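Chemist: The file below is query-v2.pdb, PDB, C-alpha atoms and all ligand atoms:
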ATOM      1  CA  MET A  82       0.000   0.000   0.000
ATOM      2  CA  ILE A  83       1.252   3.477  -0.896
ATOM      3  CA  GLU A  84       1.268   5.481   2.340
ATOM      4  CA  GLU A  85       2.693   8.903   1.555
ATOM      5  CA  THR A  86       2.216  11.522  -1.114
ATOM      6  CA  GLU A  87       6.032  11.631  -1.561
ATOM      7  CA  THR A  88       5.852   8.013  -2.646
ATOM      8  CA  ILE A  89       3.160   8.837  -5.185
ATOM      9  CA  ASP A  90       5.324  11.701  -6.452
ATOM     10  CA  GLY A  91       8.100   9.150  -6.935
ATOM     11  CA  PHE A  92       5.678   6.880  -8.774
ATOM     12  CA  LEU A  93       4.670   9.755 -11.075
ATOM     13  CA  ALA A  94       8.280  10.683 -11.758
ATOM     14  CA  ARG A  95       9.054   7.091 -12.786
ATOM     15  CA  ARG A  96       5.815   5.873 -14.347
ATOM     16  CA  SER A  97       3.936   8.858 -15.784
ATOM     17  CA  ALA A  98       4.865   7.750 -19.312
ATOM     18  CA  ASP A  99       3.347   4.310 -18.570
ATOM     19  CA  VAL A 100       0.067   5.924 -17.560
ATOM     20  CA  GLU A 101       0.140   7.886 -20.810
ATOM     21  CA  GLU A 102       0.737   4.656 -22.701
ATOM     22  CA  ALA A 103      -2.205   2.951 -20.946
ATOM     23  CA  VAL A 104      -4.508   5.837 -21.865
ATOM     24  CA  ARG A 105      -3.397   5.723 -25.515
ATOM     25  CA  GLU A 106      -3.756   1.921 -25.613
ATOM     26  CA  ALA A 107      -7.269   1.955 -24.128
ATOM     27  CA  ALA A 108      -8.315   4.287 -26.932
ATOM     28  CA  ALA A 109      -6.435   2.374 -29.622
ATOM     29  CA  GLN A 110      -7.862  -1.007 -28.594
ATOM     30  CA  GLU A 111     -11.380  -0.185 -27.422
ATOM     31  CA  ILE A 112     -12.484   3.251 -28.664
ATOM     32  CA  LEU A 113     -11.016   4.043 -32.075
ATOM     33  CA  PRO A 114     -11.949   0.692 -33.698
ATOM     34  CA  ARG A 115     -15.603   1.504 -32.860
ATOM     35  CA  PHE A 116     -15.515   5.142 -34.017
ATOM     36  CA  ARG A 117     -18.110   5.584 -36.815
ATOM     37  CA  ARG A 118     -18.599   1.793 -36.769
ATOM     38  CA  LEU A 119     -20.945   1.390 -33.787
ATOM     39  CA  ALA A 120     -23.795  -1.050 -34.271
ATOM     40  CA  ALA A 121     -27.162  -0.182 -32.694
ATOM     41  CA  HIS A 122     -26.809  -2.988 -30.136
ATOM     42  CA  GLU A 123     -23.518  -1.434 -28.893
ATOM     43  CA  VAL A 124     -25.286   1.748 -27.660
ATOM     44  CA  ASP A 125     -27.477   1.881 -24.523
ATOM     45  CA  GLN A 126     -29.259   4.646 -22.654
ATOM     46  CA  LYS A 127     -28.594   5.288 -18.969
ATOM     47  CA  SER A 128     -30.782   7.982 -17.334
ATOM     48  CA  GLY A 129     -32.404   9.052 -20.650
ATOM     49  CA  PRO A 130     -31.931   9.511 -24.408
ATOM     50  CA  HIS A 131     -29.126  12.084 -23.974
ATOM     51  CA  ASP A 132     -27.192   9.906 -21.483
ATOM     52  CA  LEU A 133     -25.546   7.153 -23.519
ATOM     53  CA  VAL A 134     -23.064   4.368 -22.900
ATOM     54  CA  THR A 135     -21.441   2.219 -25.567
ATOM     55  CA  ASP A 136     -19.300  -0.892 -25.666
ATOM     56  CA  ALA A 137     -16.338   1.465 -26.163
ATOM     57  CA  ASP A 138     -17.067   3.207 -22.823
ATOM     58  CA  ARG A 139     -17.393  -0.088 -20.929
ATOM     59  CA  LEU A 140     -14.409  -1.823 -22.487
ATOM     60  CA  ALA A 141     -12.070   1.190 -22.315
ATOM     61  CA  GLU A 142     -12.921   1.593 -18.628
ATOM     62  CA  ALA A 143     -12.269  -2.107 -18.002
ATOM     63  CA  TYR A 144      -8.905  -1.822 -19.805
ATOM     64  CA  LEU A 145      -7.895   1.248 -17.766
ATOM     65  CA  THR A 146      -9.104  -0.227 -14.479
ATOM     66  CA  GLU A 147      -6.831  -3.212 -14.915
ATOM     67  CA  ALA A 148      -3.841  -1.307 -16.330
ATOM     68  CA  LEU A 149      -3.867   1.569 -13.817
ATOM     69  CA  GLY A 150      -4.425  -0.715 -10.825
ATOM     70  CA  ALA A 151      -1.453  -2.828 -11.906
ATOM     71  CA  LEU A 152       0.787   0.231 -12.339
ATOM     72  CA  LEU A 153       0.191   1.464  -8.782
ATOM     73  CA  PRO A 154      -0.334  -1.392  -6.300
ATOM     74  CA  GLY A 155      -2.663  -0.383  -3.467
ATOM     75  CA  SER A 156      -4.543   2.115  -5.618
ATOM     76  CA  VAL A 157      -8.261   1.932  -6.368
ATOM     77  CA  VAL A 158     -10.294   3.056  -9.382
ATOM     78  CA  VAL A 159     -13.446   5.160  -9.453
ATOM     79  CA  GLY A 160     -14.805   4.781 -12.979
ATOM     80  CA  GLU A 161     -17.987   6.280 -14.384
ATOM     81  CA  GLU A 162     -19.425   3.007 -15.654
ATOM     82  CA  ALA A 163     -18.459   1.006 -12.548
ATOM     83  CA  VAL A 164     -20.161   3.633 -10.369
ATOM     84  CA  HIS A 165     -23.240   3.433 -12.603
ATOM     85  CA  ALA A 166     -23.333  -0.331 -11.950
ATOM     86  CA  ASP A 167     -22.552   0.018  -8.217
ATOM     87  CA  PRO A 168     -22.798   3.555  -6.747
ATOM     88  CA  VAL A 169     -21.003   2.470  -3.557
ATOM     89  CA  THR A 170     -17.715   2.341  -5.482
ATOM     90  CA  TYR A 171     -17.788   6.183  -5.607
ATOM     91  CA  GLU A 172     -17.010   6.222  -1.874
ATOM     92  CA  ALA A 173     -13.388   5.251  -2.603
ATOM     93  CA  LEU A 174     -12.823   8.980  -3.252
ATOM     94  CA  GLN A 175     -13.111   9.489   0.494
ATOM     95  CA  GLY A 176     -10.676   6.726   1.425
ATOM     96  CA  ASP A 177      -6.953   6.660   2.200
ATOM     97  CA  ALA A 178      -5.798   4.773  -0.911
ATOM     98  CA  PRO A 179      -4.654   6.660  -4.026
ATOM     99  CA  VAL A 180      -7.589   6.859  -6.459
ATOM    100  CA  TRP A 181      -7.622   6.780 -10.224
ATOM    101  CA  ILE A 182     -10.649   8.717 -11.454
ATOM    102  CA  VAL A 183     -11.669   7.507 -14.916
ATOM    103  CA  ASP A 184     -14.098   8.766 -17.551
ATOM    104  CA  PRO A 185     -13.435   6.353 -20.416
ATOM    105  CA  VAL A 186     -15.323   8.404 -23.026
ATOM    106  CA  ASP A 187     -16.246  11.973 -22.112
ATOM    107  CA  GLY A 188     -18.606  13.211 -24.809
ATOM    108  CA  THR A 189     -20.246   9.882 -25.601
ATOM    109  CA  ARG A 190     -22.966  11.726 -27.529
ATOM    110  CA  GLN A 191     -20.357  13.164 -29.892
ATOM    111  CA  PHE A 192     -18.667   9.753 -30.139
ATOM    112  CA  VAL A 193     -21.973   8.093 -31.081
ATOM    113  CA  ARG A 194     -22.639  10.787 -33.704
ATOM    114  CA  GLY A 195     -19.216  10.169 -35.235
ATOM    115  CA  GLU A 196     -17.862  13.586 -34.181
ATOM    116  CA  ASP A 197     -14.286  13.970 -32.927
ATOM    117  CA  GLY A 198     -15.080  16.089 -29.840
ATOM    118  CA  PHE A 199     -14.690  13.423 -27.177
ATOM    119  CA  CYS A 200     -11.838  12.337 -24.941
ATOM    120  CA  THR A 201     -10.639   9.890 -22.312
ATOM    121  CA  LEU A 202     -10.061  11.394 -18.864
ATOM    122  CA  VAL A 203      -7.849   9.954 -16.120
ATOM    123  CA  ALA A 204      -6.789  11.646 -12.890
ATOM    124  CA  LEU A 205      -4.860  10.446  -9.859
ATOM    125  CA  ALA A 206      -5.916  11.798  -6.474
ATOM    126  CA  HIS A 207      -4.872  11.080  -2.906
ATOM    127  CA  ARG A 208      -6.936  12.104   0.137
ATOM    128  CA  GLY A 209      -8.889  14.579  -1.969
ATOM    129  CA  VAL A 210      -5.846  16.203  -3.617
ATOM    130  CA  LEU A 211      -5.489  15.947  -7.395
ATOM    131  CA  LEU A 212      -1.906  14.979  -8.209
ATOM    132  CA  ALA A 213      -1.864  14.242 -11.929
ATOM    133  CA  SER A 214      -4.173  14.048 -14.912
ATOM    134  CA  TRP A 215      -4.382  12.925 -18.522
ATOM    135  CA  THR A 216      -6.853  14.250 -21.128
ATOM    136  CA  TYR A 217      -6.661  12.380 -24.412
ATOM    137  CA  ALA A 218      -8.668  13.220 -27.549
ATOM    138  CA  PRO A 219      -7.863  10.155 -29.646
ATOM    139  CA  VAL A 220      -9.247  11.211 -33.034
ATOM    140  CA  ARG A 221      -7.430  14.553 -32.760
ATOM    141  CA  ASP A 222      -4.435  12.722 -31.287
ATOM    142  CA  GLN A 223      -4.037  15.377 -28.581
ATOM    143  CA  LEU A 224      -2.774  14.419 -25.127
ATOM    144  CA  ALA A 225      -2.730  16.918 -22.283
ATOM    145  CA  VAL A 226      -0.923  16.029 -19.036
ATOM    146  CA  ALA A 227      -0.939  17.920 -15.737
ATOM    147  CA  LEU A 228       1.339  17.180 -12.785
ATOM    148  CA  ARG A 229       0.710  19.053  -9.547
ATOM    149  CA  GLY A 230       3.396  21.696  -9.058
ATOM    150  CA  ARG A 231       5.077  20.807 -12.344
ATOM    151  CA  GLY A 232       2.759  22.302 -14.930
ATOM    152  CA  ALA A 233       0.276  21.508 -17.681
ATOM    153  CA  PHE A 234       1.393  20.312 -21.093
ATOM    154  CA  LEU A 235      -0.280  19.588 -24.423
ATOM    155  CA  ASP A 236       1.719  17.169 -26.555
ATOM    156  CA  GLY A 237       4.801  18.212 -24.570
ATOM    157  CA  GLU A 238       4.255  21.992 -24.913
ATOM    158  CA  ARG A 239       3.688  23.992 -21.715
ATOM    159  CA  LEU A 240       0.169  25.419 -21.368
ATOM    160  CA  LEU A 241      -0.365  28.861 -19.834
ATOM    161  CA  ALA A 242      -3.935  30.130 -20.035
ATOM    162  CA  GLY A 243      -3.211  33.818 -19.344
ATOM    163  CA  PRO A 244      -5.809  36.541 -18.726
ATOM    164  CA  PRO A 245      -8.890  37.139 -20.912
ATOM    165  CA  THR A 246      -8.783  39.654 -23.768
ATOM    166  CA  PRO A 247      -9.693  43.092 -22.334
ATOM    167  CA  GLY A 248     -12.977  44.514 -23.616
ATOM    168  CA  ARG A 249     -14.215  41.233 -25.049
ATOM    169  CA  ASP A 250     -17.231  39.325 -23.653
ATOM    170  CA  LEU A 251     -16.205  36.427 -21.413
ATOM    171  CA  ALA A 252     -16.658  33.157 -23.317
ATOM    172  CA  VAL A 253     -18.232  30.741 -20.821
ATOM    173  CA  ALA A 254     -19.202  27.131 -21.525
ATOM    174  CA  THR A 255     -21.951  26.019 -19.196
ATOM    175  CA  SER A 256     -24.056  22.977 -18.320
ATOM    176  CA  HIS A 257     -25.840  21.675 -21.407
ATOM    177  CA  PRO A 258     -29.641  22.193 -21.158
ATOM    178  CA  ASP A 259     -30.248  18.490 -21.880
ATOM    179  CA  TYR A 260     -28.389  17.607 -18.673
ATOM    180  CA  THR A 261     -29.740  20.421 -16.495
ATOM    181  CA  THR A 262     -32.767  20.513 -14.188
ATOM    182  CA  ASP A 263     -35.030  23.566 -13.980
ATOM    183  CA  GLY A 264     -33.498  24.502 -10.608
ATOM    184  CA  GLN A 265     -29.983  24.322 -12.048
ATOM    185  CA  LYS A 266     -31.034  26.438 -15.066
ATOM    186  CA  GLN A 267     -32.338  29.058 -12.647
ATOM    187  CA  ALA A 268     -28.967  29.161 -10.845
ATOM    188  CA  LEU A 269     -27.211  29.740 -14.184
ATOM    189  CA  ARG A 270     -29.469  32.576 -15.370
ATOM    190  CA  ALA A 271     -27.099  35.278 -14.124
ATOM    191  CA  LEU A 272     -24.687  34.320 -16.921
ATOM    192  CA  TRP A 273     -27.035  35.808 -19.525
ATOM    193  CA  THR A 274     -25.830  39.329 -18.883
ATOM    194  CA  GLU A 275     -23.794  42.056 -20.531
ATOM    195  CA  GLY A 276     -20.121  41.202 -20.844
ATOM    196  CA  VAL A 277     -20.657  37.426 -20.814
ATOM    197  CA  ALA A 278     -21.202  35.114 -23.792
ATOM    198  CA  PRO A 279     -22.501  31.784 -22.428
ATOM    199  CA  ARG A 280     -22.902  28.674 -24.582
ATOM    200  CA  PRO A 281     -23.781  25.009 -23.856
ATOM    201  CA  CYS A 282     -20.726  22.858 -23.181
ATOM    202  CA  GLY A 283     -19.484  20.017 -25.337
ATOM    203  CA  SER A 284     -17.290  17.364 -23.712
ATOM    204  CA  ALA A 285     -16.566  18.775 -20.255
ATOM    205  CA  GLY A 286     -12.979  17.498 -20.389
ATOM    206  CA  LEU A 287     -12.317  19.253 -23.694
ATOM    207  CA  GLU A 288     -13.812  22.499 -22.355
ATOM    208  CA  TYR A 289     -11.249  22.405 -19.537
ATOM    209  CA  LEU A 290      -8.524  21.833 -22.107
ATOM    210  CA  ALA A 291      -9.814  24.861 -24.055
ATOM    211  CA  ILE A 292      -9.449  27.008 -20.906
ATOM    212  CA  ALA A 293      -5.917  25.729 -20.292
ATOM    213  CA  ARG A 294      -5.059  26.603 -23.911
ATOM    214  CA  GLY A 295      -6.438  30.129 -23.499
ATOM    215  CA  GLU A 296      -9.243  29.506 -26.015
ATOM    216  CA  LEU A 297     -12.104  29.722 -23.494
ATOM    217  CA  ASP A 298     -12.431  32.055 -20.502
ATOM    218  CA  ALA A 299     -14.394  29.856 -18.089
ATOM    219  CA  THR A 300     -16.817  27.019 -17.500
ATOM    220  CA  VAL A 301     -19.770  27.044 -15.126
ATOM    221  CA  PHE A 302     -21.090  23.629 -14.201
ATOM    222  CA  SER A 303     -23.850  22.541 -11.876
ATOM    223  CA  TRP A 304     -22.955  18.917 -11.162
ATOM    224  CA  GLU A 305     -20.166  17.252  -9.196
ATOM    225  CA  ALA A 306     -19.381  13.848 -10.798
ATOM    226  CA  ALA A 307     -15.640  13.535 -10.195
ATOM    227  CA  TRP A 308     -14.857  11.821 -13.522
ATOM    228  CA  ASP A 309     -16.101  14.830 -15.524
ATOM    229  CA  HIS A 310     -14.019  17.407 -13.621
ATOM    230  CA  ALA A 311     -10.951  15.849 -11.964
ATOM    231  CA  ALA A 312      -8.571  15.812 -14.940
ATOM    232  CA  GLY A 313      -9.619  19.242 -16.179
ATOM    233  CA  LEU A 314      -9.474  21.009 -12.832
ATOM    234  CA  LEU A 315      -5.817  20.100 -12.357
ATOM    235  CA  LEU A 316      -5.050  20.907 -16.002
ATOM    236  CA  VAL A 317      -6.494  24.406 -15.624
ATOM    237  CA  GLU A 318      -4.846  24.983 -12.215
ATOM    238  CA  GLU A 319      -1.466  24.015 -13.590
ATOM    239  CA  ALA A 320      -2.012  26.312 -16.588
ATOM    240  CA  GLY A 321      -2.473  29.213 -14.126
ATOM    241  CA  GLY A 322      -6.268  29.120 -13.711
ATOM    242  CA  ALA A 323      -8.524  28.664 -10.701
ATOM    243  CA  HIS A 324     -11.855  27.189  -9.637
ATOM    244  CA  LEU A 325     -14.432  28.555  -7.201
ATOM    245  CA  THR A 326     -17.858  27.429  -6.079
ATOM    246  CA  VAL A 327     -20.742  29.847  -5.766
ATOM    247  CA  ASP A 328     -19.693  30.129  -2.074
ATOM    248  CA  GLY A 329     -16.225  31.357  -3.100
ATOM    249  CA  GLU A 330     -14.489  28.131  -2.023
ATOM    250  CA  PRO A 331     -12.257  26.011  -4.266
ATOM    251  CA  PHE A 332     -14.154  23.021  -5.715
ATOM    252  CA  ARG A 333     -13.509  19.789  -3.768
ATOM    253  CA  ILE A 334     -13.301  16.605  -5.801
ATOM    254  CA  THR A 335     -14.582  14.618  -2.816
ATOM    255  CA  GLY A 336     -17.945  16.414  -3.051
ATOM    256  CA  GLY A 337     -20.160  18.488  -0.772
ATOM    257  CA  ASN A 338     -19.634  21.653  -2.865
ATOM    258  CA  ALA A 339     -22.033  24.574  -3.152
ATOM    259  CA  LEU A 340     -23.147  24.614  -6.803
ATOM    260  CA  PRO A 341     -22.774  25.847  -9.460
ATOM    261  CA  PHE A 342     -19.013  26.299  -9.638
ATOM    262  CA  THR A 343     -16.748  28.025 -12.096
ATOM    263  CA  THR A 344     -13.316  27.195 -13.465
ATOM    264  CA  ALA A 345     -11.497  30.024 -15.192
ATOM    265  CA  ARG A 346      -8.283  30.920 -16.957
ATOM    266  CA  ASP A 347      -7.092  33.132 -14.090
ATOM    267  CA  THR A 348      -8.049  33.888 -10.491
ATOM    268  CA  ALA A 349      -9.559  37.306 -11.268
ATOM    269  CA  THR A 350     -11.910  35.789 -13.851
ATOM    270  CA  ALA A 351     -12.916  32.987 -11.450
ATOM    271  CA  HIS A 352     -13.865  35.625  -8.852
ATOM    272  CA  ARG A 353     -15.741  37.698 -11.445
ATOM    273  CA  VAL A 354     -17.834  34.712 -12.561
ATOM    274  CA  ALA A 355     -18.407  33.348  -9.023
ATOM    275  CA  GLU A 356     -19.617  36.813  -7.978
ATOM    276  CA  LEU A 357     -22.112  36.842 -10.870
ATOM    277  CA  LEU A 358     -23.456  33.437  -9.791
ATOM    278  CA  ARG A 359     -23.976  34.469  -6.163
ATOM    279  CA  PRO A 360     -27.703  34.860  -5.437
ATOM    280  CA  ALA A 361     -28.683  38.470  -4.624
ATOM    281  CA  GLY A 362     -29.608  39.261  -1.040
TER     282      GLY A 362
HETATM  283  C1  LIG B   1     -20.999  14.291 -20.376
HETATM  284  C2  LIG B   1     -20.304  15.283 -21.271
HETATM  285  C3  LIG B   1     -21.285  16.374 -21.605
HETATM  286  C4  LIG B   1     -21.743  17.097 -20.347
HETATM  287  C5  LIG B   1     -22.368  16.073 -19.427
HETATM  288  C6  LIG B   1     -21.415  14.942 -19.110
HETATM  289  P1  LIG B   1     -20.323  11.722 -20.785
HETATM  290  O1  LIG B   1     -20.158  13.195 -20.097
HETATM  291  O2  LIG B   1     -19.146  15.832 -20.699
HETATM  292  O3  LIG B   1     -20.734  17.279 -22.486
HETATM  293  O4  LIG B   1     -22.658  18.092 -20.687
HETATM  294  O5  LIG B   1     -22.832  16.667 -18.271
HETATM  295  O6  LIG B   1     -22.053  14.014 -18.275
HETATM  296  O7  LIG B   1     -21.620  11.174 -20.306
HETATM  297  O8  LIG B   1     -20.287  11.896 -22.255
HETATM  298  O9  LIG B   1     -19.159  11.032 -20.198
HETATM  299 CA    CA B   2     -18.181  12.652 -18.816
HETATM  300 CA    CA B   3     -18.306   9.034 -19.950
END
For this file, produce the structure as structure tokens.
Ligand code: IPD
Ligand code: CA
Ligand code: CA
Modeler:
Amino acid sequence: MIEETETIDGFLARRSADVEEAVREAAAQEILPRFRRLAAHEVDQKSGPHDLVTDADRLAEAYLTEALGALLPGSVVVGEEAVHADPVTYEALQGDAPVWIVDPVDGTRQFVRGEDGFCTLVALAHRGVLLASWTYAPVRDQLAVALRGRGAFLDGERLLAGPPTPGRDLAVATSHPDYTTDGQKQALRALWTEGVAPRPCGSAGLEYLAIARGELDATVFSWEAAWDHAAGLLLVEEAGGAHLTVDGEPFRITGGNALPFTTARDTATAHRVAELLRPAG
């Protein structure tokens, strides 16, 4: 069992390239061969018609669960599809073992439509602290890696988000209406104001990458599922950005956050958006 964060740092220094390889292999073996070749029986609905799962999601998660667990003995995996099958497995986020947080296909809707805007998301956390993450868009062949305290990189190039362009509306990707309850929509209404240009998000993981690349100013999301956010939050932090809940606290991957929350390209923008979201009174 890995006991100390220093030991995990050592693991990352030695084996980060192996994690990268596992992520690429999961996509090469289980996702890409099914891209634009999915048969109807390989696609199922979860909570409704917008919430899909395919054989690629299930098999890529199974591949990563085995590969990542073997790379770091004593670690556990919280994967989207495993949690769907058994919600109790989500509780591992609260435990003492290092946790791999896996979204095998983020943007399954785009994947099913044959569009390239989807990715595989993996993060490593320990006692609620995000230590490393991988965001891989296999059709675009883009791999972003973040290592706590060591930076964010896209295909080996350092990412620095920088401040927004002065005088331009803030570009904000926000919870897609198909995935948002009426109460959540109400909490997001403040974004439809002068100086802000909100739009529905695509793959959450790729929106975080867009912030880290300086192509998007912020996201505002109203749900907590760790697999959607873990990789991207560290990527944006390491590119110089910040995240804040509507209460002004950093978002906690272990849950219990006040929602919605924003993630932005710099701290000033995170405060500006969080302030907008705060209910009057
Ligand atoms: C979804 C995507 C989508 C976002 C949803 C997520 P999935 O993840 O990121 O863009 O709007 O809220 O659940 O189901 O494709 O992994
Ligand atoms: Ca997702
Ligand atoms: Ca998914």
Chemist: With distances taken over only C-alpha atoms and all ligand atoms, which residue among A:Ala213, A:Ala278, A:Val157, A:Ala306 lies nearest ligand CA 3 (chain B)?
Modeler: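 Closest residue, counting only C-alpha atoms and all ligand atoms: A:Ala306.
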Chemist: What residues have any atom no more than 9 Å from ligand CA 2 (chain B) when counting all atoms listed in the file, and can you list them as a list of chain:residue names?
Modeler: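 The residues within 9 Å of ligand CA 2 (chain B), counting all atoms listed in the file, are A:Glu161, A:Asp184, A:Pro185, A:Val186, A:Asp187, A:Gly188, A:Thr189, A:Cys200, A:Thr201, A:Leu202, A:Ser284, A:Ala285, A:Gly286, A:Ala306, A:Trp308, A:Asp309, A:His310.
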Chemist: Work out how far atom CA of A:Thr146 is from atom CA of A:His207, in Å to one decimal.
Modeler: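 If I compute the distance from atom CA of A:His207 to atom CA of A:Thr146, I get 16.7 Å.
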Chemist: Restricting the calculation to only C-alpha atoms, which member of A:Ala339, A:Leu272, A:Ala361, A:Ala311 is positioned closest to A:Ile182?
Modeler: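 Checking each of A:Ala339, A:Leu272, A:Ala361, A:Ala311 against A:Ile182, counting only C-alpha atoms, the winner is A:Ala311.
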Chemist: If you count only C-alpha atoms, which residues fall within 6 Å of stretch 242-257 of chain A, apart from same-chain ones fewer than 6 positions away, as a short mmCIF file (atom, residue, chain, number, x, y, z; two decimals) with C-alpha atoms, in the coordinates of the input?
Modeler:
data_model
loop_
_atom_site.label_atom_id
_atom_site.label_comp_id
_atom_site.auth_asym_id
_atom_site.auth_seq_id
_atom_site.Cartn_x
_atom_site.Cartn_y
_atom_site.Cartn_z
CA GLY A 276 -20.12 41.20 -20.84
CA VAL A 277 -20.66 37.43 -20.81
CA ALA A 278 -21.20 35.11 -23.79
CA PRO A 279 -22.50 31.78 -22.43
CA ARG A 280 -22.90 28.67 -24.58
CA PRO A 281 -23.78 25.01 -23.86
CA CYS A 282 -20.73 22.86 -23.18
CA ALA A 293 -5.92 25.73 -20.29
CA ARG A 294 -5.06 26.60 -23.91
CA GLY A 295 -6.44 30.13 -23.50
CA LEU A 297 -12.10 29.72 -23.49
CA ASP A 298 -12.43 32.06 -20.50
CA ALA A 299 -14.39 29.86 -18.09
CA THR A 300 -16.82 27.02 -17.50
CA VAL A 301 -19.77 27.04 -15.13
CA PHE A 302 -21.09 23.63 -14.20
CA ALA A 320 -2.01 26.31 -16.59
CA ARG A 346 -8.28 30.92 -16.96
CA ASP A 347 -7.09 33.13 -14.09
#
Chemist: I'd like to see the residues matched by the PyMOL selection byres (((chain A and resi 107) around 12) and not hetatm) on this file, and ideally I'd get them as a ChimeraX atom specification.
Modeler: /A:100-106,108-114,137-149,183-186,200-203,217-219
Chemist: Tell me, in Å to one decimal, how far atom CA of A:Arg239 is from atom CA of A:Ala307.
Modeler: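 Going from atom CA of A:Arg239 over to atom CA of A:Ala307, I get 24.8 Å.
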Chemist: Residues at most 10 Å from A:Val210, counting all atoms listed in the file, excluding those fewer than 3 positions away in the same chain, as a count of residues only?
Modeler: 13
Chemist: Atom CA of A:Gly232 to atom CA of A:Ala345: how many Å, to one decimal?
Modeler: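 Pair atom CA of A:Gly232 / atom CA of A:Ala345 returns 16.2 Å.
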Chemist: For the file shown, report as a PyMOL selection string the outcome of the PyMOL selection byres (((chain A and resi 351) around 12) and not hetatm) at residue level.
Modeler: chain A and resi 244-245+251+253+292+298-301+317-318+321-332+342-350+352-358
Chemist: Starting from the shown file, work through the PyMOL selection byres (((chain A and resi 131) around 8) and not hetatm) and note down what comes out as JSON, numbers by chain.
Modeler: {"A": [126, 128, 129, 130, 132, 133, 190, 259, 260]}
Chemist: I'd like to know which of A:Leu152, A:Val134, A:Val159, A:Val220 is closest to ligand CA 3 (chain B), using only C-alpha atoms and all ligand atoms.
Modeler: A:Val134
Chemist: Go ahead and fit an axis-aligned box to every listed atom of stretch 286-300 of chain A plus 4 Å each side, and pass me the centre and edge lengths in Å, one decimal, as AutoDock Vina command-line options.
Modeler:
--center_x -10.9 --center_y 24.8 --center_z -21.8 --size_x 19.8 --size_y 22.6 --size_z 16.5
Chemist: When distances are computed from all atoms listed in the file, which of A:Arg231, A:Arg221, A:His165, A:Arg208 shows the smallest separation from ligand CA 3 (chain B)?
Modeler: A:His165
Chemist: With all atoms listed in the file as the atoms that count, which of A:Ala268, A:Leu93, A:Leu174, A:Val193 lies nearest to ligand LIG 1 (chain B)?
Modeler: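 Using all atoms listed in the file, ligand LIG 1 (chain B) sits closest to A:Val193.
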Chemist: Kindly complete stretch 326-340 of chain A to N, CA and C atoms; the output should be written as a PDB file, keeping the file's coordinate frame.
Modeler:
ATOM      1  N   THR A 326     -16.421  27.710  -6.138  1.00  0.00           N
ATOM      2  CA  THR A 326     -17.858  27.429  -6.079  1.00  0.00           C
ATOM      3  C   THR A 326     -18.600  28.750  -5.881  1.00  0.00           C
ATOM      4  N   VAL A 327     -19.910  28.662  -5.964  1.00  0.00           N
ATOM      5  CA  VAL A 327     -20.742  29.847  -5.766  1.00  0.00           C
ATOM      6  C   VAL A 327     -20.513  30.439  -4.368  1.00  0.00           C
ATOM      7  N   ASP A 328     -20.030  29.651  -3.423  1.00  0.00           N
ATOM      8  CA  ASP A 328     -19.693  30.129  -2.074  1.00  0.00           C
ATOM      9  C   ASP A 328     -18.317  30.773  -2.006  1.00  0.00           C
ATOM     10  N   GLY A 329     -17.572  30.762  -3.106  1.00  0.00           N
ATOM     11  CA  GLY A 329     -16.225  31.357  -3.100  1.00  0.00           C
ATOM     12  C   GLY A 329     -15.147  30.417  -2.609  1.00  0.00           C
ATOM     13  N   GLU A 330     -15.480  29.122  -2.463  1.00  0.00           N
ATOM     14  CA  GLU A 330     -14.489  28.131  -2.023  1.00  0.00           C
ATOM     15  C   GLU A 330     -13.970  27.369  -3.237  1.00  0.00           C
ATOM     16  N   PRO A 331     -12.711  26.894  -3.188  1.00  0.00           N
ATOM     17  CA  PRO A 331     -12.257  26.011  -4.266  1.00  0.00           C
ATOM     18  C   PRO A 331     -13.131  24.752  -4.317  1.00  0.00           C
ATOM     19  N   PHE A 332     -13.349  24.234  -5.535  1.00  0.00           N
ATOM     20  CA  PHE A 332     -14.154  23.021  -5.715  1.00  0.00           C
ATOM     21  C   PHE A 332     -13.403  21.833  -5.115  1.00  0.00           C
ATOM     22  N   ARG A 333     -14.123  20.999  -4.355  1.00  0.00           N
ATOM     23  CA  ARG A 333     -13.509  19.789  -3.768  1.00  0.00           C
ATOM     24  C   ARG A 333     -13.955  18.555  -4.547  1.00  0.00           C
ATOM     25  N   ILE A 334     -12.997  17.774  -4.977  1.00  0.00           N
ATOM     26  CA  ILE A 334     -13.301  16.605  -5.801  1.00  0.00           C
ATOM     27  C   ILE A 334     -14.042  15.531  -4.991  1.00  0.00           C
ATOM     28  N   THR A 335     -13.902  15.591  -3.674  1.00  0.00           N
ATOM     29  CA  THR A 335     -14.582  14.618  -2.816  1.00  0.00           C
ATOM     30  C   THR A 335     -16.057  14.958  -2.601  1.00  0.00           C
ATOM     31  N   GLY A 336     -16.517  16.101  -3.099  1.00  0.00           N
ATOM     32  CA  GLY A 336     -17.945  16.414  -3.051  1.00  0.00           C
ATOM     33  C   GLY A 336     -18.328  17.359  -1.933  1.00  0.00           C
ATOM     34  N   GLY A 337     -19.638  17.583  -1.789  1.00  0.00           N
ATOM     35  CA  GLY A 337     -20.160  18.488  -0.772  1.00  0.00           C
ATOM     36  C   GLY A 337     -19.986  19.948  -1.130  1.00  0.00           C
ATOM     37  N   ASN A 338     -19.851  20.271  -2.437  1.00  0.00           N
ATOM     38  CA  ASN A 338     -19.634  21.653  -2.865  1.00  0.00           C
ATOM     39  C   ASN A 338     -20.961  22.405  -2.998  1.00  0.00           C
ATOM     40  N   ALA A 339     -20.904  23.714  -2.780  1.00  0.00           N
ATOM     41  CA  ALA A 339     -22.033  24.574  -3.152  1.00  0.00           C
ATOM     42  C   ALA A 339     -21.978  24.725  -4.672  1.00  0.00           C
ATOM     43  N   LEU A 340     -23.117  24.582  -5.334  1.00  0.00           N
ATOM     44  CA  LEU A 340     -23.147  24.614  -6.803  1.00  0.00           C
ATOM     45  C   LEU A 340     -24.037  25.757  -7.277  1.00  0.00           C
TER      46      LEU A 340
END
